[in-house]
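Single-structure report; data block below.
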Amino acid sequence: VVPAALRTGLWSIPLTTASMNLLILGATGNMGQRLLAQGLTRGHTITAFVRNRAKLQQQLGTAVPPGLTVFEGDVNDAAALRPAMTGHDVVINCAGYVADGAAFIELVDRVVTQAEAVLGPGGRLWLFGGAAALDVPGTDLMGVDLPGVPALYRAHQTNFRRVAASKLDWSMMCPGPMVPSATGQARADLRISKDVWPFPRPGYTRWLPRLATSLAFKQHAPELIVSYDDVGAVLLDHLPAGGRFSRARVGVALPEGQRGEKVYEQAGKTVKIG
């Protein structure tokens, strides 16, 4: 589903004094294309780093709009990343999939390494993890440390440790399952957390084994189902360096009492959350 903003006249909105130069890696994916649309709407100047220019052109459905530059390259090619990053205020990595395991870890390491080289200490980098990369409130445990959490999400933990060891001004967005917005718009009533779950840890889990905490996390999972548009808006609200989420992970959840739903195919099976 292509965001409506990619098919409308939003490109004509003038730049503002708060505009920034953004590089979006993986700009044609579900998350990347929404950040692209929202970012242009807000008046930012954007370079879309894509593997296939024709795919982006098809999504745009029009000529390349003002404020957008297209850089065609492969995110697996460090030599392409370096010139693409040069001259940007913020680099946002939307490329890669946690299910790719070692390849995903290598991709993020490559992006962080090139950002260190090009942006230097304090350079601004946004990247994506998952809700399992958030800490359990009041503990030194990360979600992936809990029993029953699929091992594939440990890639997020590895990526977090890699970027945390850098001198970059980084932020890691850690949403749960994401879905397209029913309205194409972002909502403004999300719960947003720093480094920990965006919902309280049930008190009873403090005196029970880790399994109880894991079950509590699973019970709250539907609250973590937010839209790509929601996540994009939160990220763009906190773009600059030195902000609330400087060198921190970001959790997002629906308002208390609300639950989302996501149905998808995995390994030939239909999986439903919520």
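Chains: A, B, ... in order of the structure tokens. Residues: from 1 per chain. Ligands: from 1, in order shown.
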
Taking only C-alpha atoms into account, produce a table as CSV in which each residue of region 76-169 of chain A with an atom at most 12 Å from an atom of region 231-234 of chain A appears once, together with its shortest atom pair and the distance in Å to one decimal, ordered by chain and rising number.
residue,atom,partner,partner_atom,distance
A:Ile92,CA,A:Gly232,CA,10.8
A:Cys94,CA,A:Gly232,CA,10.7
A:Trp126,CA,A:Gly232,CA,11.3
A:Leu127,CA,A:Gly232,CA,11.7
A:Phe128,CA,A:Val231,CA,10.4
A:Gly130,CA,A:Val231,CA,11.8

With 8 Å as the cut-off and only C-alpha atoms counted, what is the closest atom pair between each nearby residue of region 231-251 of chain A and region 171-191 of chain A? Distances in Å to one decimal, ordered by chain and number, as JSON lines.
{"residue": "A:Val231", "atom": "CA", "partner": "A:Pro175", "partner_atom": "CA", "distance": 7.4}
{"residue": "A:Ala233", "atom": "CA", "partner": "A:Ala186", "partner_atom": "CA", "distance": 6.4}
{"residue": "A:Leu235", "atom": "CA", "partner": "A:Met173", "partner_atom": "CA", "distance": 7.5}
{"residue": "A:Phe245", "atom": "CA", "partner": "A:Ser171", "partner_atom": "CA", "distance": 6.1}
{"residue": "A:Ser246", "atom": "CA", "partner": "A:Ser171", "partner_atom": "CA", "distance": 5.8}
{"residue": "A:Arg247", "atom": "CA", "partner": "A:Ser171", "partner_atom": "CA", "distance": 5.3}
{"residue": "A:Ala248", "atom": "CA", "partner": "A:Ser171", "partner_atom": "CA", "distance": 5.2}
{"residue": "A:Arg249", "atom": "CA", "partner": "A:Met172", "partner_atom": "CA", "distance": 4.6}
{"residue": "A:Val250", "atom": "CA", "partner": "A:Met173", "partner_atom": "CA", "distance": 4.8}
{"residue": "A:Gly251", "atom": "CA", "partner": "A:Cys174", "partner_atom": "CA", "distance": 5.2}

CA of Met31 (chain A) and CA of Ala241 (chain A), how far apart in Å?
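CA of Ala241 (chain A) sits 21.1 Å away from CA of Met31 (chain A).
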
Counting only C-alpha atoms, give me one row per residue of region 26-110 of chain A with an atom at most 9 Å from an atom of region 217-228 of chain A, showing the shortest contact pair and its distance in Å to one decimal, sorted by chain then residue number, as JSON lines.
{"residue": "A:Asn30", "atom": "CA", "partner": "A:Tyr228", "partner_atom": "CA", "distance": 7.1}
{"residue": "A:Met31", "atom": "CA", "partner": "A:Tyr228", "partner_atom": "CA", "distance": 5.8}
{"residue": "A:Arg34", "atom": "CA", "partner": "A:Tyr228", "partner_atom": "CA", "distance": 7.0}
{"residue": "A:Leu35", "atom": "CA", "partner": "A:Tyr228", "partner_atom": "CA", "distance": 8.7}

Interface rows for region 97-155 of chain A against region 61-83 of chain A: nearest pair, Å to one decimal, 12 Å, only C-alpha atoms, as a Markdown table:
| residue | atom | partner | partner_atom | distance |
| --- | --- | --- | --- | --- |
| A:Ala103 | CA | A:Asn76 | CA | 9.4 |
| A:Phe104 | CA | A:Asn76 | CA | 10.0 |
| A:Ile105 | CA | A:Asn76 | CA | 11.4 |
| A:Glu106 | CA | A:Asn76 | CA | 8.6 |
| A:Leu107 | CA | A:Asn76 | CA | 6.3 |
| A:Val108 | CA | A:Val75 | CA | 9.5 |
| A:Asp109 | CA | A:Asn76 | CA | 10.3 |
| A:Arg110 | CA | A:Ala78 | CA | 6.6 |
| A:Val111 | CA | A:Leu81 | CA | 7.5 |
| A:Val112 | CA | A:Leu81 | CA | 10.4 |
| A:Thr113 | CA | A:Ala78 | CA | 8.8 |
| A:Gln114 | CA | A:Arg82 | CA | 5.9 |
| A:Ala115 | CA | A:Arg82 | CA | 7.7 |
| A:Glu116 | CA | A:Arg82 | CA | 10.0 |
| A:Ala117 | CA | A:Arg82 | CA | 8.0 |
| A:Val118 | CA | A:Arg82 | CA | 6.5 |
| A:Leu119 | CA | A:Arg82 | CA | 9.5 |
| A:Gly120 | CA | A:Arg82 | CA | 11.9 |

Hey, what's within 12 Å of Arg206 (chain A) if we count only C-alpha atoms and toss same-chain stuff fewer than 5 positions away? As JSON, numbers by chain, please?
{"A": [136, 137, 138, 139, 201, 211, 212, 213, 214, 216]}

Would you put the residues from that selection into a file with all heavy atoms, as a tab-separated table (two decimals), in the first residue's frame?
chain	number	residue	atom	x	y	z
A	136	VAL	N	13.20	-4.65	30.27
A	136	VAL	CA	12.08	-4.88	31.17
A	136	VAL	C	12.18	-3.84	32.30
A	136	VAL	O	13.23	-3.75	32.94
A	136	VAL	CB	12.13	-6.30	31.76
A	136	VAL	CG1	10.95	-6.52	32.71
A	136	VAL	CG2	12.13	-7.35	30.65
A	137	PRO	N	11.16	-3.03	32.53
A	137	PRO	CA	11.25	-1.99	33.56
A	137	PRO	C	11.67	-2.54	34.92
A	137	PRO	O	11.18	-3.58	35.38
A	137	PRO	CB	9.82	-1.44	33.62
A	137	PRO	CG	9.26	-1.70	32.25
A	137	PRO	CD	9.86	-3.01	31.84
A	138	GLY	N	12.61	-1.86	35.54
A	138	GLY	CA	13.05	-2.23	36.87
A	138	GLY	C	14.01	-3.39	36.93
A	138	GLY	O	14.31	-3.91	38.00
A	139	THR	N	14.54	-3.80	35.76
A	139	THR	CA	15.48	-4.92	35.73
A	139	THR	C	16.65	-4.58	34.82
A	139	THR	O	16.66	-3.54	34.15
A	139	THR	CB	14.82	-6.20	35.18
A	139	THR	OG1	14.69	-6.10	33.74
A	139	THR	CG2	13.44	-6.43	35.78
A	201	ARG	N	5.30	-2.77	33.95
A	201	ARG	CA	5.54	-4.18	34.24
A	201	ARG	C	4.61	-4.59	35.38
A	201	ARG	O	4.60	-3.95	36.43
A	201	ARG	CB	7.00	-4.37	34.65
A	201	ARG	CG	7.34	-5.77	35.08
A	201	ARG	CD	8.73	-5.79	35.71
A	201	ARG	NE	9.08	-7.09	36.25
A	201	ARG	CZ	10.07	-7.30	37.10
A	201	ARG	NH1	10.81	-6.28	37.51
A	201	ARG	NH2	10.33	-8.51	37.55
A	211	LEU	N	9.60	-16.53	33.52
A	211	LEU	CA	8.52	-16.98	32.64
A	211	LEU	C	7.28	-16.12	32.82
A	211	LEU	O	6.57	-15.81	31.86
A	211	LEU	CB	8.19	-18.45	32.92
A	211	LEU	CG	7.07	-19.05	32.06
A	211	LEU	CD1	7.44	-18.97	30.58
A	211	LEU	CD2	6.80	-20.51	32.46
A	212	ALA	N	7.01	-15.68	34.05
A	212	ALA	CA	5.85	-14.83	34.31
A	212	ALA	C	6.00	-13.49	33.60
A	212	ALA	O	5.03	-12.94	33.06
A	212	ALA	CB	5.67	-14.63	35.81
A	213	THR	N	7.21	-12.95	33.61
A	213	THR	CA	7.47	-11.68	32.92
A	213	THR	C	7.31	-11.86	31.42
A	213	THR	O	6.77	-10.98	30.73
A	213	THR	CB	8.89	-11.17	33.25
A	213	THR	OG1	9.03	-11.05	34.66
A	213	THR	CG2	9.15	-9.83	32.60
A	214	SER	N	7.75	-13.01	30.92
A	214	SER	CA	7.60	-13.30	29.49
A	214	SER	C	6.13	-13.39	29.10
A	214	SER	O	5.72	-12.87	28.06
A	214	SER	CB	8.32	-14.63	29.16
A	214	SER	OG	8.27	-14.88	27.77
A	216	ALA	N	3.68	-11.92	30.62
A	216	ALA	CA	3.14	-10.56	30.71
A	216	ALA	C	3.44	-9.78	29.44
A	216	ALA	O	2.59	-9.04	28.92
A	216	ALA	CB	3.71	-9.85	31.94

Atom pair CA of Lys194 (chain A) + CA of Asp140 (chain A), distance 14.4 Å

Give the answer as one residue: which of A:Val98, A:Ile192, A:Ala165, A:Ala155 has the shortest atom-to-atom distance to Val252 (chain A), using only C-alpha atoms?
A:Ile192

Among A:Leu254, A:Met142, A:Leu36, A:Leu23, Asp195 (chain A) is approached most closely, using only C-alpha atoms, by A:Met142

Taking the DSSP secondary structure from the backbone, can you list the residues of region 132-208 of chain A that are helix (DSSP H, G or I), as an MDAnalysis selection string?
chainID A and resid 132:133 143:145 151:164 203:207

Quick one: everything within 8 Å of Arg124 (chain A), counting only C-alpha atoms, minus sequence neighbours fewer than 6 positions away in the same chain. Send it as number ranges by chain.
A: 89-91, 168-170, 240-241

Which of region 73-242 of chain A end up as strand (DSSP E or B) when DSSP is run on this backbone - answer as a ChimeraX atom specification?
/A:90-93,124-128,135,142,169-173,178-179,191-194,196,226-227

Would you mind telling me which residue in A:Leu60, A:Leu236, A:Pro147, A:Leu208 lies nearest to Gly39 (chain A) when using only C-alpha atoms?
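Closest candidate: A:Leu236.
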